[in-house]
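This report concerns only the one structure given below.
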Amino acid sequence: MADGRLIDRCGRPIRSLRVSVTDRCNLRCRYCMPAEGVPLAPKSSLLDFEGITRAVRVAASLGVTRIRVTGGEPLLRRDLPELLAMLAREPGVTDLSLTTNAVLLERHVEALRDSGVRRLNVSLDSLRPDRFEQMTRMAALEDAWRGIRAASAAGFDPIKINSVVLAGFNDDELDEWVELTREANVVVRFLELMPIGEGAEARRLGGYCDLTQRREELVKRFALEAVPGPGGNGPAVYLRAPGAAGLIGFITPLSNPYCDRCTRFRLTSTGGVRPCLAQDLEISIADAVRAGDDAAIAAGFREAAALKADGHAWRAGGVTETSMSTLGG
Ligand code: SAM
Ligand code: SF4
């Protein structure tokens, strides 16, 4: 087994890995996928559960402690709880979480809880059924809420709800989300649109909303107080309305970049290591995983660390061609 920490060329330690288990999705969010979907990898090219677990074990031996399972829509991967249980048993993994659009969550909640995953991130961009449908091209808001309620009842805590805020589309809902956190023990996080995949086109259409500016307005209007974030140590800044049960978070990759603190890698469902969201760069460890060659897997992670960009060029007009569903959002 390899040893030595994974440090990138700017001195940032790599501590977290987003693991995509599929590039397929049951929704078609407009900033992520066109209506007809994106080209999909053949199912035979997906890493199997043993392979994913092996890659995670090697990453953990290099200092990665936080694993977030994602996709595409991860709940479309058959027997996902089995994989989560395998990852939860890895001694180096101290934080295991899952990102989902929650449409299929209700039926899987108990198996997920029993698998050992403790934290859930749900992506949900609008409180309004018509807008949810417009955004995702599917009338499934109520399914997502049923999933969130079931997860809360099953003891998932915290549940984070991530909402990409688009100018002129859902940026008038921020106040409602703040109000919702007064009673509900959820963490609502607002995300800036990134020029990734279809998101680049959405930006051209004026969809980008500067959330640093919106945060300042909300702080004044609701007397929001800064608070430490719930576990996970991601790039978000957290706030709370006085006396509220839940929190508000802001993730501002464009208006207030956090690249200097980025300790994240991604692993695609077909075994590509992606060191940075802003780079269309992928180091394949698929063959090494299939061969069970841990040294070659570690070498792949190291190569990616040596190539990780120091920051993004999105504000200067740069775009990432690969969609989030393919690279593992
Ligand atoms: N399907 C799952 C879901 O939606 O939670 C997991 C994968 S999805 C690609 C992960 C996250 O990426 C979602 O929260 C989604 O909103 C976000 N995302 C996708 N494209 C984006 C973009 N261009 N800019 C910002 N966030 C994006
Ligand atoms: Fe699917 Fe998630 Fe992309 Fe929406 S953001 S299309 S739910 S992968």
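Simple scheme: letters A, B, ... for chains in structure tokens order, numbers from 1 for residues in each chain, numbers from 1 for ligands in the order shown.
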Quick one: everything within 6 Å of range 73-86 of chain A, counting only C-alpha atoms, minus sequence neighbours fewer than 4 positions away in the same chain. Send it as a list in words.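 So, after excluding close chain neighbours, the residues are Val21, Cys25, Phe49, Leu112, Ser115 and Gly116 of chain A.
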Which chains and residue numbers are within 6 Å of ligand 1, counting only C-alpha atoms and all ligand atoms, if I want them as an MDAnalysis selection string? chainID A and resid 31:32 70:73 99:101 122:123 162 164 192:196 199 324:325 328:329
With distances taken over only C-alpha atoms and all ligand atoms, the candidate from A:Met135, A:Ile52, A:Val93, A:Asp171 nearest ligand 2 is A:Met135
If you run DSSP on the backbone here, which positions in range 119-215 of chain A get strand (DSSP E or B)? Please write them as a list in words. Arg119, Leu120, Asn121, Val122, Ser123, Ile159, Lys160, Ile161, Asn162, Ser163, Val164, Val165, Leu166, Val187, Val188, Arg189, Phe190, Leu191, Glu192, Ile196 and Tyr208 of chain A
Pick out the residues sitting within 8 Å of Pro13 in chain A, and hand them over as a list in words; count only C-alpha atoms, and ignore anything fewer than 4 positions along from it in its own chain. Arg5, Leu6, Ile7, Asp8, Gly63 and Thr263 of chain A
Which residues are close to Ala288 in chain A, i.e. within 8 Å by only C-alpha atoms, leaving aside same-chain residues fewer than 6 positions away? Reply as an MDAnalysis selection string. chainID A and resid 294 296:297
Please compute the atom 7 (S, counted along the ligand's line) of ligand 2-CA of Leu27 in chain A distance, one decimal, in Å.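 These atoms are spaced 5.0 Å apart.
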Pick from A:Gln213, A:Thr136, A:Ser255, A:Gln279 nearest to ligand 2, counting only C-alpha atoms and all ligand atoms: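 When distances to ligand 2 are compared using only C-alpha atoms and all ligand atoms, the smallest one comes from A:Thr136.
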Using only C-alpha atoms for the distances, tell me which of A:Ala151, A:Ile67, A:Val103, A:Cys10 is nearest to Leu307 in chain A.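 Of A:Ala151, A:Ile67, A:Val103, A:Cys10, the one nearest Leu307 in chain A is A:Cys10, counting only C-alpha atoms.
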Mind checking which residues fall within 6 Å of range 246-254 of chain A, counting only C-alpha atoms, ignoring those fewer than 2 positions away in the same chain, and posting them as a ChimeraX atom specification? /A:181,184-192,236-240,244,256-257
Take CA of Ala144 in chain A and CA of Thr22 in chain A and report the distance between them in Å, one decimal.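 Between these atoms lies a distance of 19.5 Å.
Closest approach to ligand 2 among A:Phe156, A:Tyr258, A:Tyr208, A:Phe132 is made by A:Phe132 (distances from only C-alpha atoms and all ligand atoms).
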Using only C-alpha atoms and all ligand atoms, can you tell me which of A:Val227, A:Cys209, A:Met138, A:Val319 comes closest to ligand 2?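 The shortest atom-to-atom distance to ligand 2 comes from A:Met138.
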Point-to-point distance from CA of Ala60 in chain A to CA of Ser16 in chain A, Å rounded to tenths: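 Taking CA of Ala60 in chain A as the start and CA of Ser16 in chain A as the end point, the length is 9.1 Å.
Nearest to Leu127 in chain A of all the residues A:Leu17, A:Leu267, A:Phe169, A:Val109 is A:Phe169, based on only C-alpha atoms.
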So which bits of range 52-146 of chain A end up helix (DSSP H, G or I) when you DSSP the backbone, as number ranges by chain? A: 52-61, 74-76, 80-88, 105-115, 129-136, 141-146
Need the shell around Lys43 in chain A: protein/DNA/RNA residues with any atom at most 10 Å away, counting only C-alpha atoms. Skip same-chain ones fewer than 6 positions apart. Format as a list in words?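 Residues meeting the cut-off are Thr22, Asp23, Arg24, Ser269 and Thr270 of chain A.
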Selected residues written out with C-alpha atoms, as a PDB file, in the first residue's frame:
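And here is the file that came out, part.pdb:
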ATOM      1  CA  THR A  22     -22.977   6.812 -12.281  1.00  0.00           C
ATOM      2  CA  ASP A  23     -23.253   9.456 -14.977  1.00  0.00           C
ATOM      3  CA  ARG A  24     -26.964   8.704 -15.428  1.00  0.00           C
ATOM      4  CA  SER A 269     -17.741   6.668 -12.400  1.00  0.00           C
ATOM      5  CA  THR A 270     -15.371   5.336 -15.073  1.00  0.00           C
TER       6      THR A 270
END
